[in-house]
Amino acid sequence: MRQSWPALRLLHTAHRKCSRPMTEAATPPGRRATPDRTGAAPPPAVIAGHSALECLLALVLLFGVVTIVRWIAGPSPISDAIPQIHLKLLIIGLCVGLLLVKLIRSRPGRISGGHINPAVSLAMWRLGVFPGASVLPYIAAQLVGSVLGVLAARALWGPAVANPPVVDAALHPGQDWSAGGLFVAEAISMGGIVYLVGLFLQSPKLAPVVPWLVGLLICAAIALLGTTTGGSENPARQFGPAVASGRVGFLWVYLLAPMVGSAVAATVLNRAHNHNAVLTHRLCGTHADGSDLHAPE
């Protein structure tokens, strides 16, 4: 009878392990996992916590953007050594792109999803992998973080940020651009970015390189569109600088056009590739617990 107790304990332990529901964190390597479909809304505390992380990420992004523009395009020895505007835009694009990669791959970015862009949050909801209850809190947090980031940069760098040519890094379209033309250009360019990101997030092999894809696309947008549309591609990118500088003439276009473009791109992606579901809303290309993605059943 004494020898049966270890066997009973072993049997009890095995029963508990088998009866425990399999969670995302417990998915063993090689097992196929279903896409991160979000039917029920997360608890309010989770939404608030993740939104706060998005605010922090947007703050760091805009602080970095203003700082980069201040030293590359503003009055500085670096700016004086680079007389060509297109070369300046390329350097700014490279710096901003690398900053985005770092933020998406950071721990806060891995937890919240690393959107740092209202248009991305909207698209991930339309793609079915992001809870609708989190969309507005994320957008509000991203916009607030944008303003805070600009104010932090202004407090650190002083008048050099608020005065021309930096003007809080606020964007403005080229002289011959109308609001309608700017709207179409911003919507199409953001739609293209969302479409490519969605395609990559459908593949477990391609999903891990999404941060680098986003960085590359934003770098290209800044370098190629900087002298025409401004290359914003992100409502939060323009919101803080426009509010801080008072340059709000085209703000509605920079806010609305990327949202329209991302929503249209998500709709097209859903219809054209409905057999390949997007696997996650996290741009780092992992599950919530950091585990690798696997193809759905």
# chains A, B, ... in the order shown; residues from 1 in each chain; ligands from 1
>>> residues_around(residues="Leu62 (chain A)", least_positions_apart="6", cutoff="12 Å", atoms="only C-alpha atoms", output="number ranges by chain")
A: 55-56, 68-70, 96, 99-100, 103, 116-117, 142-154, 168-170, 232, 234-242, 244
>>> write_last_selection(atoms="N, CA and C atoms", output="mmCIF file, in the first residue's frame")
data_model
loop_
_atom_site.group_PDB
_atom_site.id
_atom_site.type_symbol
_atom_site.label_atom_id
_atom_site.label_comp_id
_atom_site.auth_asym_id
_atom_site.auth_seq_id
_atom_site.Cartn_x
_atom_site.Cartn_y
_atom_site.Cartn_z
ATOM 1 N N CYS A 55 1.183 55.103 -25.894
ATOM 2 C CA CYS A 55 1.465 56.516 -25.634
ATOM 3 C C CYS A 55 2.957 56.732 -25.441
ATOM 4 N N LEU A 56 3.583 55.842 -24.677
ATOM 5 C CA LEU A 56 5.021 55.943 -24.434
ATOM 6 C C LEU A 56 5.806 55.777 -25.734
ATOM 7 N N ILE A 68 15.829 64.336 -34.656
ATOM 8 C CA ILE A 68 16.509 64.042 -35.916
ATOM 9 C C ILE A 68 16.392 65.213 -36.887
ATOM 10 N N VAL A 69 15.186 65.739 -37.025
ATOM 11 C CA VAL A 69 14.978 66.872 -37.929
ATOM 12 C C VAL A 69 15.751 68.089 -37.446
ATOM 13 N N ARG A 70 15.792 68.289 -36.127
ATOM 14 C CA ARG A 70 16.507 69.450 -35.581
ATOM 15 C C ARG A 70 17.982 69.434 -35.990
ATOM 16 N N VAL A 96 14.795 57.644 -38.858
ATOM 17 C CA VAL A 96 13.433 57.389 -38.381
ATOM 18 C C VAL A 96 13.064 55.922 -38.587
ATOM 19 N N LEU A 99 14.710 53.882 -35.933
ATOM 20 C CA LEU A 99 14.040 54.131 -34.656
ATOM 21 C C LEU A 99 12.744 53.337 -34.563
ATOM 22 N N LEU A 100 11.988 53.289 -35.649
ATOM 23 C CA LEU A 100 10.751 52.518 -35.660
ATOM 24 C C LEU A 100 11.021 51.027 -35.437
ATOM 25 N N LEU A 103 11.674 50.496 -31.777
ATOM 26 C CA LEU A 103 10.483 50.634 -30.941
ATOM 27 C C LEU A 103 9.553 49.434 -31.094
ATOM 28 N N ILE A 116 1.979 52.297 -32.929
ATOM 29 C CA ILE A 116 2.476 53.681 -32.911
ATOM 30 C C ILE A 116 1.882 54.480 -34.065
ATOM 31 N N ASN A 117 0.710 54.064 -34.525
ATOM 32 C CA ASN A 117 0.092 54.669 -35.702
ATOM 33 C C ASN A 117 -1.395 54.342 -35.680
ATOM 34 N N GLN A 142 -1.934 57.283 -28.758
ATOM 35 C CA GLN A 142 -0.914 57.610 -29.751
ATOM 36 C C GLN A 142 -0.872 59.113 -30.026
ATOM 37 N N LEU A 143 -2.029 59.751 -30.100
ATOM 38 C CA LEU A 143 -2.071 61.189 -30.361
ATOM 39 C C LEU A 143 -1.541 61.984 -29.164
ATOM 40 N N VAL A 144 -1.906 61.558 -27.966
ATOM 41 C CA VAL A 144 -1.387 62.225 -26.770
ATOM 42 C C VAL A 144 0.121 62.063 -26.681
ATOM 43 N N GLY A 145 0.600 60.862 -26.931
ATOM 44 C CA GLY A 145 2.039 60.631 -26.908
ATOM 45 C C GLY A 145 2.767 61.479 -27.937
ATOM 46 N N SER A 146 2.143 61.699 -29.089
ATOM 47 C CA SER A 146 2.735 62.548 -30.122
ATOM 48 C C SER A 146 2.966 63.964 -29.615
ATOM 49 N N VAL A 147 1.949 64.525 -28.972
ATOM 50 C CA VAL A 147 2.076 65.890 -28.430
ATOM 51 C C VAL A 147 3.144 65.939 -27.346
ATOM 52 N N LEU A 148 3.137 64.960 -26.455
ATOM 53 C CA LEU A 148 4.110 64.942 -25.364
ATOM 54 C C LEU A 148 5.538 64.805 -25.887
ATOM 55 N N GLY A 149 5.716 64.019 -26.939
ATOM 56 C CA GLY A 149 7.048 63.855 -27.511
ATOM 57 C C GLY A 149 7.588 65.142 -28.101
ATOM 58 N N VAL A 150 6.732 65.888 -28.790
ATOM 59 C CA VAL A 150 7.153 67.173 -29.363
ATOM 60 C C VAL A 150 7.485 68.159 -28.252
ATOM 61 N N LEU A 151 6.644 68.216 -27.230
ATOM 62 C CA LEU A 151 6.899 69.142 -26.122
ATOM 63 C C LEU A 151 8.196 68.786 -25.388
ATOM 64 N N ALA A 152 8.468 67.501 -25.255
ATOM 65 C CA ALA A 152 9.716 67.079 -24.604
ATOM 66 C C ALA A 152 10.923 67.497 -25.432
ATOM 67 N N ALA A 153 10.827 67.358 -26.750
ATOM 68 C CA ALA A 153 11.933 67.765 -27.619
ATOM 69 C C ALA A 153 12.131 69.277 -27.586
ATOM 70 N N ARG A 154 11.030 70.003 -27.549
ATOM 71 C CA ARG A 154 11.135 71.468 -27.482
ATOM 72 C C ARG A 154 11.766 71.894 -26.159
ATOM 73 N N ASP A 168 9.015 72.461 -35.119
ATOM 74 C CA ASP A 168 8.494 71.283 -34.425
ATOM 75 C C ASP A 168 8.320 70.083 -35.351
ATOM 76 N N ALA A 169 9.054 70.072 -36.466
ATOM 77 C CA ALA A 169 9.003 68.973 -37.439
ATOM 78 C C ALA A 169 7.631 68.820 -38.079
ATOM 79 N N ALA A 170 6.837 69.898 -38.095
ATOM 80 C CA ALA A 170 5.526 69.849 -38.742
ATOM 81 C C ALA A 170 5.687 69.724 -40.251
ATOM 82 N N SER A 232 4.187 61.583 -44.458
ATOM 83 C CA SER A 232 3.780 61.346 -43.072
ATOM 84 C C SER A 232 3.432 59.885 -42.827
ATOM 85 N N ASN A 234 1.262 58.616 -41.144
ATOM 86 C CA ASN A 234 0.933 58.328 -39.752
ATOM 87 C C ASN A 234 0.260 59.548 -39.137
ATOM 88 N N PRO A 235 -1.041 59.456 -38.804
ATOM 89 C CA PRO A 235 -1.701 60.601 -38.180
ATOM 90 C C PRO A 235 -0.996 61.101 -36.923
ATOM 91 N N ALA A 236 -0.435 60.186 -36.134
ATOM 92 C CA ALA A 236 0.268 60.600 -34.912
ATOM 93 C C ALA A 236 1.569 61.329 -35.238
ATOM 94 N N ARG A 237 2.172 61.023 -36.381
ATOM 95 C CA ARG A 237 3.412 61.702 -36.781
ATOM 96 C C ARG A 237 3.180 63.184 -36.991
ATOM 97 N N GLN A 238 2.021 63.567 -37.515
ATOM 98 C CA GLN A 238 1.758 64.973 -37.810
ATOM 99 C C GLN A 238 0.992 65.682 -36.711
ATOM 100 N N PHE A 239 0.249 64.931 -35.897
ATOM 101 C CA PHE A 239 -0.636 65.566 -34.924
ATOM 102 C C PHE A 239 0.127 66.420 -33.915
ATOM 103 N N GLY A 240 1.112 65.843 -33.249
ATOM 104 C CA GLY A 240 1.862 66.590 -32.242
ATOM 105 C C GLY A 240 2.569 67.804 -32.804
ATOM 106 N N PRO A 241 3.346 67.663 -33.893
ATOM 107 C CA PRO A 241 4.005 68.818 -34.482
ATOM 108 C C PRO A 241 3.032 69.905 -34.930
ATOM 109 N N ALA A 242 1.892 69.514 -35.501
ATOM 110 C CA ALA A 242 0.920 70.510 -35.969
ATOM 111 C C ALA A 242 0.307 71.268 -34.796
ATOM 112 N N ALA A 244 1.615 71.667 -31.746
ATOM 113 C CA ALA A 244 2.636 72.468 -31.072
ATOM 114 C C ALA A 244 3.021 73.708 -31.879
#
>>> atom_distance(atom1="CA of Gly93 (chain A)", atom2="CA of Leu217 (chain A)")
9.3 Å
>>> closest_residue(among="A:Gly174, A:Ala162, A:Trp125, A:Ala185", to="Gly246 (chain A)", atoms="only C-alpha atoms")
A:Ala162
>>> residues_around(residues="region 261-271 of chain A", least_positions_apart="2", cutoff="9 Å", atoms="only C-alpha atoms", output="PyMOL selection string")
chain A and resi 119-120+122-127+184+186-195+198-199+256-259+273-278
>>> closest_residue(among="A:Pro204, A:Gly97, A:Pro43, A:Pro83", to="Gly64 (chain A)", atoms="only C-alpha atoms")
A:Gly97
>>> residues_around(residues="region 208-211 of chain A", least_positions_apart="2", cutoff="9 Å", atoms="only C-alpha atoms", output="PyMOL selection string")
chain A and resi 100-105+197+200-201+204-206+213-216+283-286+292-293
>>> atom_distance(atom1="CA of Leu98 (chain A)", atom2="CA of Ile218 (chain A)")
9.6 Å
>>> select_by_dssp(residues="region 122-267 of chain A", states="alpha helix (DSSP H)", output="JSON, numbers by chain")
{"A": [122, 123, 124, 125, 126, 135, 136, 137, 138, 139, 140, 141, 142, 143, 144, 145, 146, 147, 148, 149, 150, 151, 152, 153, 154, 155, 156, 157, 159, 160, 161, 162, 179, 180, 181, 182, 183, 184, 185, 186, 187, 188, 189, 190, 191, 192, 193, 194, 195, 196, 197, 198, 199, 200, 210, 211, 212, 213, 214, 215, 216, 217, 218, 219, 220, 221, 222, 223, 224, 225, 235, 236, 237, 238, 239, 240, 241, 242, 243, 244, 245, 251, 252, 253, 254, 255, 256, 257, 258, 259, 260, 261, 262, 263, 264, 265, 266, 267]}
>>> closest_residue(among="A:Ala45, A:Val167, A:Ala141, A:Ile78", to="Val66 (chain A)", atoms="only C-alpha atoms")
A:Val167
>>> residues_around(residues="Arg107 (chain A)", least_positions_apart="5", cutoff="10 Å", atoms="only C-alpha atoms", output="number ranges by chain")
A: 53, 102, 112-114, 284, 290
>>> closest_residue(among="A:Trp212, A:Leu57, A:Ala160, A:Pro75", to="Arg110 (chain A)", atoms="only C-alpha atoms")
A:Leu57
>>> residues_around(residues="region 87-89 of chain A", least_positions_apart="5", cutoff="7 Å", atoms="only C-alpha atoms", output="compact mmCIF listing (two decimals) with N, CA and C atoms, in the first residue's frame")
# COMPACT_ATOMS: atom_id res chain seq x y z
N ILE A 72 19.49 67.30 -38.44
CA ILE A 72 19.78 67.03 -39.85
C ILE A 72 19.31 68.18 -40.75
N ALA A 73 18.16 68.77 -40.44
CA ALA A 73 17.60 69.83 -41.29
C ALA A 73 17.67 71.21 -40.64
N ILE A 82 25.53 69.00 -45.14
CA ILE A 82 24.69 68.28 -46.10
C ILE A 82 23.81 69.29 -46.82
N ILE A 222 9.70 58.90 -46.62
CA ILE A 222 10.31 60.19 -46.25
C ILE A 222 11.26 60.66 -47.34
N ALA A 223 12.09 59.75 -47.86
CA ALA A 223 13.08 60.12 -48.86
C ALA A 223 12.45 60.52 -50.19
N GLY A 226 9.16 63.40 -49.26
CA GLY A 226 9.39 64.49 -48.32
C GLY A 226 9.20 65.87 -48.90
>>> closest_residue(among="A:Ala52, A:Ala221, A:Leu251, A:Leu90", to="Ser134 (chain A)", atoms="only C-alpha atoms")
A:Ala52
>>> closest_residue(among="A:Pro159, A:Pro165, A:Pro42, A:Pro173", to="Ala133 (chain A)", atoms="only C-alpha atoms")
A:Pro42
>>> atom_distance(atom1="CA of Val166 (chain A)", atom2="CA of Gly74 (chain A)")
5.5 Å
